[in-house]
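Q: Provided below: run34.txt, containing compact mmCIF, C-alpha atoms.
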# COMPACT_ATOMS: atom_id res chain seq x y z
CA MET A 229 95.62 93.42 94.52
CA GLY A 230 97.92 95.64 96.55
CA ALA A 231 97.71 98.49 94.04
CA GLY A 232 98.95 100.92 96.68
CA SER A 233 102.38 99.43 96.03
CA THR A 234 104.94 101.74 94.46
CA TYR A 235 105.51 98.96 91.90
CA THR A 236 102.07 99.54 90.40
CA PRO A 237 103.09 102.19 87.81
CA GLU A 238 105.80 99.84 86.52
CA LEU A 239 103.26 97.05 86.09
CA VAL A 240 100.85 99.37 84.28
CA ASP A 241 103.65 100.62 82.04
CA GLY A 242 104.43 97.03 81.06
CA LEU A 243 100.80 96.22 80.29
CA LEU A 244 100.49 99.32 78.11
CA ARG A 245 103.70 98.66 76.20
CA ARG A 246 102.94 94.98 75.68
CA GLY A 247 99.85 95.71 73.60
CA LEU A 248 97.54 93.46 75.61
CA PRO A 249 93.81 93.73 74.81
CA VAL A 250 92.98 95.38 78.13
CA THR A 251 89.64 97.20 78.44
CA GLU A 252 89.45 97.74 82.19
CA LEU A 253 92.07 98.00 84.91
CA VAL A 254 90.86 97.78 88.51
CA LEU A 255 93.16 98.84 91.34
CA HIS A 256 92.54 97.37 94.80
CA ASP A 257 94.12 98.08 98.17
CA VAL A 258 93.01 98.22 101.79
CA ASP A 259 94.99 101.45 102.33
CA GLN A 260 92.70 104.17 100.94
CA ARG A 261 95.36 106.88 101.08
CA ARG A 262 97.93 104.98 99.06
CA LEU A 263 95.27 103.66 96.70
CA SER A 264 94.04 107.18 95.92
CA VAL A 265 97.56 108.40 95.14
CA LEU A 266 98.36 105.47 92.86
CA ALA A 267 94.96 105.53 91.14
CA GLY A 268 95.40 109.18 90.25
CA PHE A 269 98.89 108.62 88.91
CA VAL A 270 97.88 105.52 86.91
CA ALA A 271 94.96 107.42 85.36
CA ARG A 272 97.38 110.09 84.18
CA MET A 273 99.69 107.39 82.78
CA VAL A 274 96.87 105.81 80.79
CA ALA A 275 95.65 109.17 79.50
CA ALA A 276 99.17 110.12 78.40
CA ALA A 277 99.61 106.76 76.66
CA ALA A 278 96.35 107.17 74.76
CA GLN A 279 97.24 110.73 73.78
CA ALA A 280 100.62 109.59 72.49
CA SER A 281 99.03 106.60 70.71
CA MET A 282 101.33 104.35 72.71
CA PRO A 283 101.18 100.80 71.38
CA GLY A 284 99.05 98.80 73.77
CA ALA A 285 96.91 101.57 75.23
CA ALA A 286 93.91 99.26 75.42
CA GLY A 287 95.13 97.58 72.25
CA GLY A 288 95.28 100.92 70.46
CA ARG A 289 91.91 101.98 71.86
CA PRO A 290 91.95 105.00 74.19
CA GLU A 291 88.87 103.88 76.16
CA LEU A 292 90.82 101.84 78.76
CA GLN A 293 88.97 102.37 82.04
CA VAL A 294 90.83 102.70 85.33
CA THR A 295 88.88 102.28 88.55
CA ALA A 296 89.90 101.91 92.19
CA THR A 297 88.18 100.17 95.08
CA THR A 298 88.83 98.87 98.59
CA SER A 299 86.22 96.13 98.05
CA LEU A 300 87.81 92.78 97.27
CA ARG A 301 84.64 91.42 95.67
CA ASP A 302 84.13 94.46 93.45
CA ALA A 303 87.78 94.40 92.41
CA VAL A 304 87.84 90.85 91.07
CA THR A 305 84.31 90.52 89.68
CA GLY A 306 84.56 89.59 86.01
CA ALA A 307 88.35 89.84 85.86
CA ARG A 308 90.29 87.55 83.53
CA LEU A 309 93.66 88.24 85.14
CA VAL A 310 94.51 89.20 88.71
CA PHE A 311 97.96 90.31 89.91
CA SER A 312 98.66 89.90 93.62
CA GLN A 313 101.45 92.04 95.12
CA PHE A 314 100.37 92.96 98.66
CA ARG A 315 102.36 93.24 101.90
CA VAL A 316 100.48 92.54 105.15
CA GLY A 317 101.62 95.03 107.77
CA GLY A 318 103.60 97.12 105.29
CA GLN A 319 107.20 98.10 105.86
CA ALA A 320 106.57 98.34 109.60
CA ALA A 321 106.04 94.57 109.78
CA ARG A 322 109.08 94.02 107.57
CA HIS A 323 111.16 96.16 109.92
CA GLY A 324 109.95 94.02 112.83
CA ASP A 325 111.11 90.88 111.02
CA GLU A 326 114.56 92.30 110.43
CA GLU A 327 114.87 93.52 114.02
CA LEU A 328 113.81 90.07 115.21
CA GLY A 329 116.71 88.60 113.27
CA ARG A 330 119.11 91.08 114.81
CA ARG A 331 117.94 90.34 118.35
CA TRP A 332 118.51 86.63 117.84
CA GLU A 333 121.68 86.96 115.75
CA ILE A 334 120.09 85.18 112.79
CA VAL A 335 119.14 86.23 109.27
CA GLY A 336 115.98 88.35 109.30
CA GLN A 337 115.57 88.93 105.55
CA GLU A 338 111.98 89.31 104.31
CA THR A 339 111.76 85.98 102.43
CA THR A 340 114.55 83.98 104.07
CA GLY A 341 114.97 82.55 107.55
CA VAL A 342 112.90 83.91 110.42
CA GLY A 343 111.84 86.93 108.34
CA GLY A 344 110.42 84.71 105.62
CA PHE A 345 108.70 82.64 108.28
CA ALA A 346 107.03 85.66 109.89
CA LYS A 347 105.99 87.08 106.52
CA GLY A 348 104.60 83.70 105.49
CA LEU A 349 102.48 83.49 108.64
CA ARG A 350 101.06 86.98 108.01
CA THR A 351 100.49 86.46 104.31
CA VAL A 352 99.14 82.98 103.61
CA THR A 353 95.63 83.40 105.07
CA VAL A 354 95.14 86.77 103.35
CA ALA A 355 96.36 85.32 100.04
CA LEU A 356 93.84 82.49 100.39
CA GLU A 357 91.07 85.01 100.97
CA VAL A 358 92.05 86.81 97.76
CA GLN A 359 92.21 83.54 95.80
CA ARG A 360 88.77 82.44 97.03
CA ALA A 361 87.33 85.75 95.86
CA VAL A 362 88.96 85.30 92.45
CA ALA A 363 87.61 81.74 92.14
CA THR A 364 84.11 82.90 93.14
CA TYR A 365 83.66 86.23 91.36
CA ALA A 366 86.21 86.48 88.54
CA ALA A 367 85.75 85.05 85.05
CA ASN A 368 85.67 81.25 84.85
CA ASP A 369 89.01 81.21 83.01
CA ALA A 370 90.67 83.81 85.25
CA TRP A 371 94.30 83.41 86.31
CA LEU A 372 95.80 84.68 89.55
CA VAL A 373 99.46 85.68 89.14
CA ASN A 374 101.09 85.73 92.55
CA PHE A 375 103.93 88.20 93.06
CA THR A 376 103.36 88.36 96.81
CA ASN A 377 106.39 87.19 98.81
CA PRO A 378 107.46 84.66 99.91
CA ALA A 379 106.31 83.87 96.37
CA GLY A 380 107.03 80.13 96.32
CA MET A 381 105.48 79.48 99.72
CA VAL A 382 102.40 81.61 99.02
CA THR A 383 101.89 79.99 95.62
CA GLU A 384 102.12 76.53 97.22
CA ALA A 385 99.55 77.52 99.86
CA LEU A 386 97.18 78.76 97.13
CA LEU A 387 97.54 75.58 95.09
CA ALA A 388 97.21 73.31 98.15
CA HIS A 389 94.36 75.10 99.94
CA GLY A 390 92.79 77.40 97.35
CA ALA A 391 89.41 77.13 95.66
CA GLY A 392 89.12 75.36 92.30
CA ASP A 393 90.32 72.01 91.02
CA PRO A 394 93.06 72.87 90.52
CA PRO A 395 93.26 76.55 91.48
CA ARG A 396 94.31 78.66 88.49
CA VAL A 397 97.42 80.16 90.06
CA VAL A 398 100.94 80.83 88.79
CA GLY A 399 103.71 82.35 90.92
CA LEU A 400 106.15 84.86 89.45
CA CYS A 401 109.40 86.45 90.62
CA ASN A 402 111.14 89.14 88.57
CA PHE A 403 114.71 87.97 89.26
CA PRO A 404 114.92 85.17 86.64
CA TRP A 405 113.83 87.68 83.99
CA VAL A 406 116.41 90.19 85.24
CA LEU A 407 119.12 87.53 85.11
CA GLN A 408 118.16 86.51 81.58
CA GLU A 409 118.34 90.14 80.40
CA ARG A 410 121.72 90.73 82.05
CA LEU A 411 123.26 87.53 80.74
CA ALA A 412 121.96 88.22 77.24
CA ALA A 413 123.40 91.74 77.27
CA GLY A 414 126.77 90.42 78.43
CA LEU A 415 126.79 87.74 75.76
CA GLY A 416 125.81 90.18 73.02
CA THR A 417 122.45 88.66 72.21
CA GLU A 418 118.75 89.26 72.73
CA PRO A 419 116.98 87.81 75.80
CA ALA A 420 114.67 85.83 73.51
CA ALA A 421 117.67 83.96 72.07
CA LEU A 422 118.91 82.89 75.53
CA THR A 423 117.51 80.08 77.65
CA MET A 424 118.50 79.04 81.15
CA ASP A 425 118.38 75.62 82.79
CA TYR A 426 116.95 77.25 85.90
CA VAL A 427 115.91 74.90 88.73
CA GLY A 428 115.06 75.06 92.42
CA LEU A 429 112.69 77.01 94.64
CA ASN A 430 111.84 80.69 94.66
CA HIS A 431 114.85 82.60 96.06
CA LEU A 432 116.69 79.26 96.26
CA ALA A 433 117.64 78.38 92.71
CA TRP A 434 120.57 77.37 90.54
CA VAL A 435 121.26 77.84 86.80
CA ARG A 436 122.84 74.62 85.58
CA ASP A 437 123.42 75.77 82.00
CA VAL A 438 122.87 78.72 79.66
CA HIS A 439 122.13 78.31 75.94
CA VAL A 440 122.20 80.88 73.15
CA ASP A 441 120.49 79.77 69.96
CA GLY A 442 120.64 76.20 71.22
CA ARG A 443 124.37 76.16 72.06
CA SER A 444 125.72 75.97 75.61
CA ARG A 445 127.50 79.15 76.71
CA LEU A 446 127.87 78.36 80.42
CA PRO A 447 131.58 79.36 80.78
CA ASP A 448 130.90 82.69 79.05
CA ALA A 449 127.72 83.21 81.06
CA LEU A 450 129.60 82.54 84.30
CA ALA A 451 132.18 85.17 83.35
CA VAL A 452 129.42 87.70 82.65
CA TRP A 453 127.57 86.86 85.86
CA ARG A 454 130.69 87.14 88.03
CA ARG A 455 131.20 90.72 86.86
CA GLY A 456 127.60 91.74 87.55
CA PRO A 457 125.54 92.76 90.60
CA ASP A 458 123.96 89.32 91.00
CA ALA A 459 127.11 87.52 92.16
CA PRO A 460 127.74 88.74 95.73
CA PHE A 461 129.74 85.60 96.50
CA SER A 462 133.40 84.90 97.15
CA ALA A 463 135.50 83.86 94.17
CA ARG A 464 136.38 80.56 95.88
CA LEU A 465 132.71 79.64 96.29
CA VAL A 466 131.93 80.42 92.65
CA ASP A 467 134.91 78.37 91.49
CA ASP A 468 133.89 75.44 93.68
CA LEU A 469 130.28 75.38 92.50
CA GLY A 470 130.82 76.33 88.86
CA ILE A 471 127.21 77.35 88.20
CA VAL A 472 125.19 80.56 88.22
CA LEU A 473 123.55 81.19 91.58
CA ASN A 474 120.46 83.06 92.61
CA PRO A 475 121.81 85.89 94.83
CA TYR A 476 119.52 84.85 97.69
CA LEU A 477 121.77 81.83 98.15
CA GLN A 478 124.28 84.15 99.82
CA TYR A 479 122.16 83.94 102.99
CA TYR A 480 122.88 80.20 103.12
CA TYR A 481 126.38 79.99 101.66
CA GLU A 482 127.92 83.08 103.32
CA THR A 483 125.81 83.58 106.42
CA GLU A 484 128.48 85.17 108.61
CA ARG A 485 129.14 87.92 106.05
CA ILE A 486 125.40 88.63 105.92
CA LEU A 487 125.12 88.80 109.71
CA GLU A 488 128.03 91.21 109.92
CA ALA A 489 126.44 93.50 107.34
CA GLN A 490 123.11 93.19 109.16
CA ARG A 491 124.69 94.46 112.37
CA GLU A 492 126.20 97.53 110.72
CA SER A 493 123.44 98.85 108.47
CA PRO A 494 119.86 100.10 108.76
CA THR A 495 117.15 97.59 108.00
CA ARG A 496 116.08 97.23 104.39
CA ALA A 497 112.57 98.16 105.56
CA GLU A 498 113.84 101.55 106.78
CA VAL A 499 115.54 102.19 103.44
CA VAL A 500 112.51 101.15 101.40
CA ALA A 501 110.09 103.13 103.60
CA ALA A 502 112.06 106.30 102.87
CA VAL A 503 112.11 105.54 99.13
CA GLU A 504 108.38 104.83 99.14
CA ALA A 505 107.56 108.04 100.99
CA ASP A 506 109.42 110.01 98.34
CA LEU A 507 107.74 108.10 95.50
CA LEU A 508 104.26 108.56 96.94
CA GLU A 509 104.86 112.29 97.27
CA ARG A 510 105.98 112.45 93.65
CA TYR A 511 103.10 110.29 92.42
CA ALA A 512 100.64 112.61 94.17
CA ASP A 513 101.99 115.62 92.27
CA PRO A 514 99.84 116.05 89.12
CA ARG A 515 102.91 117.36 87.28
CA THR A 516 104.83 114.08 87.72
CA ARG A 517 105.27 111.92 84.64
CA TRP A 518 106.20 108.25 84.75
CA ASP A 519 109.86 107.33 84.53
CA PRO A 520 110.93 103.71 85.29
CA ALA A 521 114.17 105.07 86.77
CA MET A 522 112.08 106.41 89.66
CA LEU A 523 112.09 102.90 91.13
CA SER A 524 115.88 102.51 91.07
CA GLY A 525 116.10 102.59 94.86
CA ARG A 526 113.03 100.42 95.40
CA GLY A 527 114.13 97.26 93.62
CA GLY A 528 111.94 95.09 91.43
CA THR A 529 113.86 95.69 88.20
CA SER A 530 112.00 94.41 85.10
CA TYR A 531 108.90 93.62 87.14
CA SER A 532 106.76 95.15 84.40
CA VAL A 533 108.37 93.20 81.55
CA ALA A 534 108.13 89.85 83.32
CA ALA A 535 104.53 90.38 84.43
CA ALA A 536 103.25 91.67 81.10
CA ALA A 537 104.95 88.90 79.11
CA LEU A 538 103.47 86.23 81.36
CA ALA A 539 100.04 87.88 81.25
CA GLY A 540 100.06 87.87 77.46
CA ASP A 541 100.72 84.15 77.27
CA LEU A 542 98.23 83.23 80.02
CA VAL A 543 95.33 85.04 78.36
CA GLY A 544 96.39 84.05 74.84
CA THR A 545 97.06 87.32 73.07
CA PRO A 546 96.23 87.58 69.35
CA HIS A 547 99.95 87.43 68.54
CA GLU A 548 100.46 83.69 68.99
CA ARG A 549 104.07 82.68 69.59
CA ASP A 550 105.87 79.38 69.21
CA GLU A 551 106.79 77.28 72.25
CA ALA A 552 110.27 78.76 72.61
CA GLY A 553 108.77 82.24 72.75
CA ARG A 554 106.35 81.26 75.52
CA ARG A 555 108.95 80.10 78.03
CA HIS A 556 108.94 81.70 81.47
CA VAL A 557 110.60 80.85 84.77
CA VAL A 558 107.63 80.58 87.10
CA ASN A 559 106.47 78.92 90.31
CA VAL A 560 104.28 75.88 89.61
CA ARG A 561 103.52 72.42 90.95
CA ASN A 562 106.49 70.14 90.51
CA GLY A 563 104.70 67.23 88.88
CA GLY A 564 107.92 65.26 88.61
CA ALA A 565 109.95 68.02 86.97
CA LEU A 566 112.45 67.97 89.85
CA PRO A 567 112.70 64.38 91.13
CA GLY A 568 113.48 64.24 94.83
CA LEU A 569 110.93 66.93 95.69
CA PRO A 570 107.25 66.05 96.22
CA ASP A 571 105.16 66.11 93.06
CA ASP A 572 102.70 68.56 94.65
CA ALA A 573 105.45 70.88 95.91
CA VAL A 574 105.81 74.25 94.18
CA VAL A 575 109.14 74.70 92.40
CA GLU A 576 110.64 77.51 90.33
CA THR A 577 111.70 76.38 86.88
CA THR A 578 111.35 77.06 83.16
CA CYS A 579 107.86 76.37 81.82
CA VAL A 580 105.94 76.74 78.58
CA VAL A 581 102.97 79.01 79.30
CA GLY A 582 99.60 79.18 77.58
CA PRO A 583 95.92 79.76 78.44
CA GLU A 584 95.79 76.35 80.14
CA GLY A 585 98.69 77.11 82.47
CA ALA A 586 102.42 76.52 82.83
CA ASP A 587 104.14 73.20 82.11
CA PRO A 588 107.79 72.51 83.05
CA VAL A 589 109.92 71.92 79.97
CA ALA A 590 112.19 69.19 81.33
CA THR A 591 112.82 66.68 84.09
CA VAL A 592 116.03 67.55 85.91
CA GLU A 593 117.60 65.75 88.87
CA LEU A 594 118.79 68.29 91.45
CA GLU A 595 122.48 67.76 92.09
CA ARG A 596 124.66 68.34 95.14
CA PRO A 597 124.67 70.75 96.92
CA ALA A 598 121.24 71.87 95.71
CA ARG A 599 119.34 68.69 96.51
CA GLY A 600 119.65 68.65 100.30
CA LEU A 601 119.17 72.38 100.77
CA ALA A 602 116.09 72.49 98.52
CA ASN A 603 114.46 69.63 100.39
CA GLN A 604 115.14 71.19 103.78
CA VAL A 605 113.74 74.58 102.78
CA LYS A 606 110.72 72.93 101.14
CA ASP A 607 109.96 71.11 104.41
CA PHE A 608 110.22 74.46 106.19
CA GLU A 609 107.75 76.04 103.73
CA ARG A 610 105.24 73.25 104.26
CA TYR A 611 105.42 73.46 108.04
CA THR A 612 104.95 77.24 107.77
CA ILE A 613 101.87 76.87 105.55
CA GLU A 614 100.43 74.38 108.04
CA ALA A 615 101.08 76.77 110.92
CA ALA A 616 99.60 79.73 109.06
CA THR A 617 96.39 77.92 108.11
CA THR A 618 95.81 76.28 111.50
CA GLY A 619 97.46 78.51 114.11
CA ASP A 620 99.27 75.40 115.37
CA ARG A 621 102.33 76.23 117.49
CA ARG A 622 103.83 72.77 117.01
CA SER A 623 103.94 73.27 113.25
CA ALA A 624 105.42 76.73 113.80
CA ARG A 625 108.18 75.33 116.01
CA LEU A 626 108.93 72.57 113.50
CA ALA A 627 109.18 75.16 110.71
CA LEU A 628 111.71 77.20 112.66
CA MET A 629 113.73 74.13 113.68
CA THR A 630 113.78 72.87 110.10
CA HIS A 631 115.09 76.04 108.48
CA PRO A 632 118.90 75.93 108.23
CA LEU A 633 119.21 79.60 109.26
CA CYS A 634 117.11 79.36 112.45
CA PRO A 635 118.10 78.28 115.99
CA ASP A 636 117.79 74.79 117.37
CA ALA A 637 115.07 73.30 119.55
CA SER A 638 116.56 74.59 122.79
CA VAL A 639 115.60 78.19 122.03
CA VAL A 640 112.85 77.88 119.41
CA ASP A 641 110.03 78.36 121.96
CA ARG A 642 111.39 81.73 123.05
CA LEU A 643 112.02 82.82 119.46
CA LEU A 644 108.47 81.89 118.46
CA GLU A 645 106.93 83.77 121.38
CA ASP A 646 109.00 86.84 120.53
CA LEU A 647 107.85 86.61 116.91
CA LEU A 648 104.19 86.22 117.88
CA ARG A 649 104.44 89.17 120.26
CA VAL A 650 105.78 91.43 117.51
CA ASN A 651 103.16 90.19 115.02
CA ARG A 652 100.15 89.95 117.35
CA ALA A 653 98.10 92.42 115.27
CA TRP A 654 98.39 90.26 112.14
CA LEU A 655 98.21 86.73 113.58
CA PRO A 656 94.85 86.32 115.34
CA ALA A 657 94.93 82.54 114.76
CA PHE A 658 97.72 82.25 117.36
CA GLU A 659 95.84 84.01 120.17
Since I need it in another form, could you write the structure as structure tokens?
A:
Amino acid sequence: MGAGSTYTPELVDGLLRRGLPVTELVLHDVDQRRLSVLAGFVARMVAAAAQASMPGAAGGRPELQVTATTSLRDAVTGARLVFSQFRVGGQAARHGDEELGRRWEIVGQETTGVGGFAKGLRTVTVALEVQRAVATYAANDAWLVNFTNPAGMVTEALLAHGAGDPPRVVGLCNFPWVLQERLAAGLGTEPAALTMDYVGLNHLAWVRDVHVDGRSRLPDALAVWRRGPDAPFSARLVDDLGIVLNPYLQYYYETERILEAQRESPTRAEVVAAVEADLLERYADPRTRWDPAMLSGRGGTSYSVAAAALAGDLVGTPHERDEAGRRHVVNVRNGGALPGLPDDAVVETTCVVGPEGADPVATVELERPARGLANQVKDFERYTIEAATTGDRRSARLALMTHPLCPDASVVDRLLEDLLRVNRAWLPAFE
């Protein structure tokens, strides 16, 4: 779902390399132009993989079928696994979110603050429509893997309001996988030998410890992390906290620095739109061959590896692995894994994954300063889901007032009306 995304070739590359027993790949998007470009490029990828006898080209069989459709029902009928990666309103809507933040002198990032709120409102109802189609027309044991941002919020909406008892949904973000790979490289080991005590919410998480072959290496991991691209924080903050931080925490911990950079640079949407235009032009050229480096300016590093690995364990590939090998950091119902957050809240933590779903590996009490911030942002997510599914302005105002990066009650009405004006085309429930 959302196959017109420029991430799609990376996902397909991962599925081919993983050796999953795939017989049919269906690409769906509501944008026919983008879908046609990506479908043509993916077909060439699959043909090249079969010709080269690439491990995993339909499990070594060259008959992997690639089809494309704008029909949601046709896309999911009979599917065992559905990846969701769509963006309602495209980069234009994302640009509007960022500009909204600039007008109000608040953070307008796509998954955080007012930007995450606006994107959540646009996305939740569409995600529920997709999930209902999966529950109705896909295989009885089908899984929906949600990549669509804000990933934690959308996954919670699907589990709370989706079809099925419970809905067969798992949320996935590529960053934990990226972090594991980078820490492993810095510590001179393989990613499979490294485990992280990773706890929190999507884009709001903390790594409490890092183990290599069962032994804590947190001081060494901190040293590696501080030298890498995922630690955009001041040295004083890192020293004070003493744990590895998800880089999205910079919006909360160093807000003034973010706002200053926001004032002086183009929006991320403008940058990504330019990258995507170039990629789509290249994908449309029949001479273009796939190179993962093509996405270097787009983001989403290791998207393919994370998605394909999770897919393999959800569908139960023939190569059964032990529990340690089936661990993934995913977004799932809390179920007591993080005391202090509601049991039915979606959290992002390490789970053991199999055909029956994802189970958190441990019960971990969130510590200061994580506990208060996680609870506040979770309340914001729940108010946003309520607003998105009902069109209720009171819930929308409460969501904005609850988020630590949004204005107070004295201006929230005006901010909300500005947001609804910008997003009128995508929010009919608020008419």
Q: Using all atoms listed in the file, which of A:Arg596, A:Arg555, A:Arg315, A:Arg350 sits nearest A:Cys579?
A: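 Of A:Arg596, A:Arg555, A:Arg315, A:Arg350, the one nearest A:Cys579, counting all atoms listed in the file, is A:Arg555.
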Q: Work out how far atom CA of A:Gly414 is from atom CA of A:Val533, in Å to one decimal.
A: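 Between atom CA of A:Val533 and atom CA of A:Gly414 the gap is 18.9 Å.
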Q: Please identify all polymer residues within 10 Å of stretch 586-590 of chain A, counting only C-alpha atoms, omitting same-chain residues fewer than 6 positions from it, and present them as JSON, numbers by chain.
A: {"A": [397, 398, 425, 538, 541, 542, 551, 554, 555, 556, 557, 558, 559, 560, 561, 562, 563, 564, 565, 566, 575, 576, 577, 578, 579, 580]}
Q: With distances taken over only C-alpha atoms, which of A:Arg649, A:Arg464, A:His323, A:Arg331 is nearest to A:Leu487?
A: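 Of all the options, A:Arg331 lies closest to A:Leu487.
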Q: If you measure from atom CA of A:Met424 to atom CA of A:Val406, what distance in Å do you get, rounded to one decimal?
A: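 Here the two named atoms are 12.1 Å from each other.
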Q: Hey, what's within 9 Å of A:Val240 if we count only C-alpha atoms and toss same-chain stuff fewer than 3 positions away? As a ChimeraX atom specification, please?
A: /A:235-237,243-245,253,270,273-274,532,536
Q: Any chance you could turn stretch 289-345 of chain A into a file with C-alpha atoms, as a JSON list (two decimals), in the first residue's frame?
A:
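Contents of decode_14.json, freshly written:
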[["chain", "number", "residue", "atom", "x", "y", "z"],
["A", 289, "ARG", "CA", 11.82, -19.58, -8.79],
["A", 290, "PRO", "CA", 11.77, -16.98, -11.58],
["A", 291, "GLU", "CA", 7.96, -16.97, -11.87],
["A", 292, "LEU", "CA", 7.39, -14.20, -9.27],
["A", 293, "GLN", "CA", 4.48, -12.16, -10.59],
["A", 294, "VAL", "CA", 4.36, -8.38, -10.21],
["A", 295, "THR", "CA", 1.04, -6.62, -10.70],
["A", 296, "ALA", "CA", -0.16, -3.08, -10.03],
["A", 297, "THR", "CA", -3.61, -1.74, -9.23],
["A", 298, "THR", "CA", -5.37, 1.32, -7.86],
["A", 299, "SER", "CA", -8.12, -0.90, -6.43],
["A", 300, "LEU", "CA", -7.71, -1.46, -2.70],
["A", 301, "ARG", "CA", -9.86, -4.59, -2.73],
["A", 302, "ASP", "CA", -8.02, -6.16, -5.66],
["A", 303, "ALA", "CA", -4.66, -5.34, -4.08],
["A", 304, "VAL", "CA", -5.23, -7.14, -0.79],
["A", 305, "THR", "CA", -7.39, -10.07, -1.91],
["A", 306, "GLY", "CA", -5.66, -13.29, -0.87],
["A", 307, "ALA", "CA", -2.54, -11.57, 0.46],
["A", 308, "ARG", "CA", -0.68, -13.09, 3.41],
["A", 309, "LEU", "CA", 1.37, -9.98, 4.14],
["A", 310, "VAL", "CA", 0.56, -6.32, 3.53],
["A", 311, "PHE", "CA", 3.04, -3.45, 3.90],
["A", 312, "SER", "CA", 1.54, 0.00, 4.47],
["A", 313, "GLN", "CA", 3.72, 3.02, 3.65],
["A", 314, "PHE", "CA", 1.41, 5.73, 2.27],
["A", 315, "ARG", "CA", 1.41, 9.51, 2.76],
["A", 316, "VAL", "CA", -1.97, 11.27, 2.55],
["A", 317, "GLY", "CA", -1.51, 14.55, 0.69],
["A", 318, "GLY", "CA", 2.06, 13.75, -0.34],
["A", 319, "GLN", "CA", 4.93, 16.14, 0.24],
["A", 320, "ALA", "CA", 2.61, 19.10, -0.33],
["A", 321, "ALA", "CA", 0.73, 18.28, 2.88],
["A", 322, "ARG", "CA", 4.02, 17.71, 4.69],
["A", 323, "HIS", "CA", 5.22, 21.13, 3.54],
["A", 324, "GLY", "CA", 2.02, 22.64, 4.92],
["A", 325, "ASP", "CA", 2.69, 21.03, 8.30],
["A", 326, "GLU", "CA", 6.20, 22.44, 8.44],
["A", 327, "GLU", "CA", 5.05, 25.90, 7.38],
["A", 328, "LEU", "CA", 2.36, 25.76, 10.06],
["A", 329, "GLY", "CA", 5.07, 25.20, 12.64],
["A", 330, "ARG", "CA", 7.05, 28.13, 11.33],
["A", 331, "ARG", "CA", 4.07, 30.47, 11.43],
["A", 332, "TRP", "CA", 3.41, 29.60, 15.06],
["A", 333, "GLU", "CA", 7.07, 29.36, 16.12],
["A", 334, "ILE", "CA", 6.69, 25.72, 17.15],
["A", 335, "VAL", "CA", 8.13, 22.45, 15.89],
["A", 336, "GLY", "CA", 6.44, 21.38, 12.66],
["A", 337, "GLN", "CA", 8.25, 18.08, 12.05],
["A", 338, "GLU", "CA", 6.22, 15.39, 10.25],
["A", 339, "THR", "CA", 5.79, 13.03, 13.24],
["A", 340, "THR", "CA", 6.40, 15.37, 16.17],
["A", 341, "GLY", "CA", 4.42, 18.28, 17.56],
["A", 342, "VAL", "CA", 1.84, 20.04, 15.40],
["A", 343, "GLY", "CA", 3.19, 18.33, 12.27],
["A", 344, "GLY", "CA", 2.66, 14.89, 13.77],
["A", 345, "PHE", "CA", -0.80, 15.96, 14.88]]
